[in-house]
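Undergrad: Please find one structure pasted underneath; my questions will follow.
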Amino acid sequence: MRKNLFLIIFIFLGFATSSAQIFDPIEWSTSVEKLSETEYKLVSMAVIEEGWHLYSQDVPKDGPIPTQFTYDEQAGSVILLGGTMEQEGHTVNDPIFNMEIKFFEKEAVFEQRVRVDSEVNWISGTVEFMVCDDERCLPPTEEQLVFRVGRRKSVDKDSTKEGLTDESEVHENEGATKSGISSTGDKGLWTIFIIAFLSGFAALLTPCVFPMIPLTVSFFTKQSKNKAAGIRNAVFYGISIIVIYVLLGSAVTAIFGADSLNALATNVWFNIIFFLLLVVFAISFLGAFEITLPSSWANKIDEQSYKRSGLVAIFFMALALAIVSFSCTGPIVGTLLVEAASKGGLAPIIGMLGFSLAIALPFALFAAFPGWLNSLPKSGGWLNTVKGVLGFLELALAFKFLSQADLVLQLHILEREVFIAIWIAIFGTMSLYLLGKIQLPYDSPLSHISVGRLGLALLTLSFTIYMVPGLWGAPLNLISAFPPPLEYSESPYGVGNSKSGGAVSTATDHSSLPDGGHLLAPHDILAFNDYDKGLAYARKVGKPVMIDFTGWACVNCRKMEQNVWPKPKVLDVLKNKVVLISLYVDDKRPLPDGQVVESRLRPGKKLKYIGQKWSELQTLKYGANSQPYYVLMDHKEINLIEPVAYKPDAEEYFEWLSKGIDNFKASTIE
């Protein structure tokens, strides 16, 4: 009773002394060390923010809540060998509890030895802990832990089921931790970098930036005492540009946080706000108005570049360029940050690095080789054309964000045909603009069309014509990541076709389907959206289960469904050899009253939406939280093969499916 009284008092003091701020000072991660064929060491590591401390498992009576670990022993399949071991830590006289207490600062590692049988792939656990600083304590918190202790070997056609592999001595639990970047994430960052780099070159060709190249380079070459000094100053100028834009990306990441940025990708308000923002950017580029920073900013910065000397003056010159050219670069930078924010993590920083590198590179190169300046095309109307084209592209990209909001809410307002019609109108108008049939406010009369402009017009016109069959159900694989999926349309089977028409065929008799819980996935694949009903049906028909953790706003999910699933071999497997369960983690429909339960990942919070239920299932059961994520399992809910994420190679995906099905057949024979 006394202990609970202390706890209530300190929780109250913690809230009373805080200023409506939410604290989350500890980040947990897990890993597994293999000791033998049957024994493992489960490692839980806590990274603690500066100024906070985590209490030991062994604290005096009437003190703070001790750190406590519990593990799922899975009906005897997991045996704990001894207790959870911890580091030495610090023992001091705690100013809040006024007693000798052992605690940890900065980092704490806890280890638990276990013995498992060959059927166990994952062990779940929880840690309950309490943290304090010198002034306050936070309420006890419970965190879910997931450990991957092994995985089943792939079974060849002539082999039988085997135990755990020794492929790796230490397995990091992907998705169960907040740290680390997967190979898929690395590819995503490279994509962001390349797009940003190309965007930087596009910004370089705008009327606000391009004329500055010869002016700036000439300034450096004339003011420098020799060629080497001119090159050195211009290189520092380029580096300053990079630093300014990377600091902008760093600020976005720091303000919102990497995890928050990633979570925004499926947030309805995020997508609607950025749809409106990109529309404003597009209208600005098309000549309705200019987005500019206050002129006083540019004047003050420019004044500093004259007052200062040496490298400091050069840095202020770079800052002045960024401010003066904002009317052209601002919309591009804004769009880039929006797209990078939807990827989360380091994407905003990587994006700004690529963008600024493309801006800075010409200044350094032309300073090193001033003779190249003579080869630059003269400033003129073509720069305005670049600006106009960028405006049309901004407008097209804006509707991607509006589409994601519509998909998450399942409003069916911006269905596939409507989205494609809008893009046809945008790119068709762009083609007319490039052909000189339409003029924007800042354009001068066009007497003739250059070869380059004509070539770009033919390209956009061809793209416009390519999209037209999409109105009648064509898959449009080149842009599969942008429009809504095929089934999210007025005519899911194509205009003039129906489920029973010739456009679709199903090789499996589904007359024994249970009531409710199933739907038609892309390409008329039978899919369940209820885990329990899908598993029950798989047991009834004797097929393995494929769980598809997906999302309405998941771009890579759409790419898999439109580019990989339609391949004949893959489609045959998905239609006839597995039972597909598609679980949408961003489904915002409310859960029925009887299914609203408390979250195991976020104690004290309720699972309100269907998507939250499936997201928590993926994290707890499989230690992953990114989509797409595919799991092949048997009727005992045991993985048949290691789950996979985004796998755009159809042959590799088919091989993964085939191995899982072979393992299922081998296990049923046994």
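Going through the structure tokens in order, the chains are called A, B, and so on, while each chain numbers its residues from 1 and the ligands are numbered from 1 in the order shown.
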Please, which residues of range 422-669 of chain A, numbered as in this document, come out strand (DSSP E) from DSSP, as an NGL selection string?

TA: :A and (518-521 or 525-528 or 545-550 or 579-584 or 629-633)

Undergrad: Residues of the last selection are to be written out with N, CA and C atoms, as a PDB file, in the first residue's frame.

TA:
ATOM      1  N   HIS A 518     -14.334 -11.859 -46.983  1.00  0.00           N
ATOM      2  CA  HIS A 518     -13.540 -12.081 -48.178  1.00  0.00           C
ATOM      3  C   HIS A 518     -13.869 -11.031 -49.230  1.00  0.00           C
ATOM      4  N   LEU A 519     -12.968 -10.879 -50.162  1.00  0.00           N
ATOM      5  CA  LEU A 519     -13.119  -9.880 -51.212  1.00  0.00           C
ATOM      6  C   LEU A 519     -12.360 -10.358 -52.435  1.00  0.00           C
ATOM      7  N   LEU A 520     -12.398  -9.570 -53.487  1.00  0.00           N
ATOM      8  CA  LEU A 520     -11.615  -9.878 -54.675  1.00  0.00           C
ATOM      9  C   LEU A 520     -10.439  -8.917 -54.740  1.00  0.00           C
ATOM     10  N   ALA A 521      -9.242  -9.474 -54.617  1.00  0.00           N
ATOM     11  CA  ALA A 521      -8.018  -8.689 -54.702  1.00  0.00           C
ATOM     12  C   ALA A 521      -7.743  -8.379 -56.169  1.00  0.00           C
ATOM     13  N   ILE A 525      -8.171 -12.224 -57.725  1.00  0.00           N
ATOM     14  CA  ILE A 525      -7.658 -13.205 -56.758  1.00  0.00           C
ATOM     15  C   ILE A 525      -8.564 -13.176 -55.536  1.00  0.00           C
ATOM     16  N   LEU A 526      -8.997 -14.331 -55.089  1.00  0.00           N
ATOM     17  CA  LEU A 526      -9.794 -14.391 -53.872  1.00  0.00           C
ATOM     18  C   LEU A 526      -8.905 -14.015 -52.698  1.00  0.00           C
ATOM     19  N   ALA A 527      -9.362 -13.103 -51.864  1.00  0.00           N
ATOM     20  CA  ALA A 527      -8.586 -12.699 -50.690  1.00  0.00           C
ATOM     21  C   ALA A 527      -9.523 -12.502 -49.509  1.00  0.00           C
ATOM     22  N   PHE A 528      -9.033 -12.844 -48.330  1.00  0.00           N
ATOM     23  CA  PHE A 528      -9.768 -12.604 -47.098  1.00  0.00           C
ATOM     24  C   PHE A 528      -9.216 -11.345 -46.445  1.00  0.00           C
ATOM     25  N   VAL A 545      -1.368 -20.712 -46.204  1.00  0.00           N
ATOM     26  CA  VAL A 545      -1.863 -19.340 -46.095  1.00  0.00           C
ATOM     27  C   VAL A 545      -0.773 -18.368 -46.510  1.00  0.00           C
ATOM     28  N   MET A 546      -1.141 -17.365 -47.309  1.00  0.00           N
ATOM     29  CA  MET A 546      -0.225 -16.252 -47.556  1.00  0.00           C
ATOM     30  C   MET A 546      -0.844 -14.991 -46.985  1.00  0.00           C
ATOM     31  N   ILE A 547      -0.185 -14.432 -45.976  1.00  0.00           N
ATOM     32  CA  ILE A 547      -0.648 -13.174 -45.394  1.00  0.00           C
ATOM     33  C   ILE A 547       0.023 -12.030 -46.142  1.00  0.00           C
ATOM     34  N   ASP A 548      -0.776 -11.098 -46.569  1.00  0.00           N
ATOM     35  CA  ASP A 548      -0.305  -9.914 -47.301  1.00  0.00           C
ATOM     36  C   ASP A 548      -0.572  -8.693 -46.433  1.00  0.00           C
ATOM     37  N   PHE A 549       0.452  -8.267 -45.668  1.00  0.00           N
ATOM     38  CA  PHE A 549       0.323  -7.029 -44.903  1.00  0.00           C
ATOM     39  C   PHE A 549       0.527  -5.877 -45.875  1.00  0.00           C
ATOM     40  N   THR A 550      -0.511  -5.113 -46.095  1.00  0.00           N
ATOM     41  CA  THR A 550      -0.490  -4.099 -47.138  1.00  0.00           C
ATOM     42  C   THR A 550      -1.101  -2.812 -46.606  1.00  0.00           C
ATOM     43  N   VAL A 579      -4.157 -19.618 -49.944  1.00  0.00           N
ATOM     44  CA  VAL A 579      -5.287 -18.790 -49.522  1.00  0.00           C
ATOM     45  C   VAL A 579      -4.715 -17.448 -49.089  1.00  0.00           C
ATOM     46  N   LEU A 580      -5.098 -16.402 -49.801  1.00  0.00           N
ATOM     47  CA  LEU A 580      -4.545 -15.073 -49.574  1.00  0.00           C
ATOM     48  C   LEU A 580      -5.361 -14.337 -48.511  1.00  0.00           C
ATOM     49  N   ILE A 581      -4.656 -13.791 -47.522  1.00  0.00           N
ATOM     50  CA  ILE A 581      -5.283 -12.946 -46.498  1.00  0.00           C
ATOM     51  C   ILE A 581      -4.629 -11.572 -46.596  1.00  0.00           C
ATOM     52  N   SER A 582      -5.349 -10.591 -47.114  1.00  0.00           N
ATOM     53  CA  SER A 582      -4.827  -9.231 -47.268  1.00  0.00           C
ATOM     54  C   SER A 582      -5.297  -8.378 -46.096  1.00  0.00           C
ATOM     55  N   LEU A 583      -4.349  -7.894 -45.311  1.00  0.00           N
ATOM     56  CA  LEU A 583      -4.650  -7.107 -44.117  1.00  0.00           C
ATOM     57  C   LEU A 583      -4.118  -5.690 -44.316  1.00  0.00           C
ATOM     58  N   TYR A 584      -5.007  -4.722 -44.361  1.00  0.00           N
ATOM     59  CA  TYR A 584      -4.638  -3.327 -44.617  1.00  0.00           C
ATOM     60  C   TYR A 584      -4.355  -2.621 -43.289  1.00  0.00           C
ATOM     61  N   TYR A 629       4.540  -6.783 -46.813  1.00  0.00           N
ATOM     62  CA  TYR A 629       5.227  -7.818 -46.044  1.00  0.00           C
ATOM     63  C   TYR A 629       4.430  -9.100 -46.230  1.00  0.00           C
ATOM     64  N   TYR A 630       5.092 -10.128 -46.753  1.00  0.00           N
ATOM     65  CA  TYR A 630       4.404 -11.360 -47.132  1.00  0.00           C
ATOM     66  C   TYR A 630       4.867 -12.519 -46.260  1.00  0.00           C
ATOM     67  N   VAL A 631       3.892 -13.280 -45.757  1.00  0.00           N
ATOM     68  CA  VAL A 631       4.169 -14.416 -44.877  1.00  0.00           C
ATOM     69  C   VAL A 631       3.476 -15.648 -45.435  1.00  0.00           C
ATOM     70  N   LEU A 632       4.216 -16.733 -45.593  1.00  0.00           N
ATOM     71  CA  LEU A 632       3.639 -18.036 -45.943  1.00  0.00           C
ATOM     72  C   LEU A 632       3.671 -18.910 -44.705  1.00  0.00           C
ATOM     73  N   MET A 633       2.520 -19.417 -44.294  1.00  0.00           N
ATOM     74  CA  MET A 633       2.465 -20.220 -43.068  1.00  0.00           C
ATOM     75  C   MET A 633       1.527 -21.402 -43.249  1.00  0.00           C
TER      76      MET A 633
END

Undergrad: Please list as JSON, numbers by chain every residue within 12 Å of Asp572 in chain A, counting only C-alpha atoms and excluding residues in the same chain fewer than 3 positions away.

TA: {"A": [505, 506, 507, 508, 523, 524, 525, 526, 564, 565, 566, 567, 568, 569, 575, 576, 577, 578, 579, 654, 657, 658]}

Undergrad: Keeping C-alpha atoms, export the residues of the selection given above as a short mmCIF file (atom, residue, chain, number, x, y, z; two decimals), in the first residue's frame.

TA:
data_model
loop_
_atom_site.label_atom_id
_atom_site.label_comp_id
_atom_site.auth_asym_id
_atom_site.auth_seq_id
_atom_site.Cartn_x
_atom_site.Cartn_y
_atom_site.Cartn_z
CA SER A 505 -11.63 -16.49 -64.99
CA THR A 506 -11.13 -18.38 -61.76
CA ALA A 507 -9.84 -21.91 -61.69
CA THR A 508 -10.97 -22.68 -58.14
CA HIS A 523 -6.63 -9.69 -60.91
CA ASP A 524 -9.70 -11.39 -59.41
CA ILE A 525 -7.66 -13.21 -56.76
CA LEU A 526 -9.79 -14.39 -53.87
CA VAL A 564 4.54 -8.98 -60.18
CA TRP A 565 1.21 -10.59 -59.31
CA PRO A 566 -0.10 -10.60 -62.94
CA LYS A 567 2.80 -12.78 -64.18
CA PRO A 568 1.18 -16.08 -65.23
CA LYS A 569 3.17 -18.33 -62.88
CA LYS A 575 -5.36 -17.94 -57.35
CA ASN A 576 -5.12 -21.69 -56.93
CA LYS A 577 -2.37 -22.83 -54.55
CA VAL A 578 -2.61 -20.55 -51.52
CA VAL A 579 -5.29 -18.79 -49.52
CA PHE A 654 7.73 -17.07 -57.65
CA LEU A 657 6.22 -18.93 -53.24
CA SER A 658 7.24 -22.31 -54.66
#
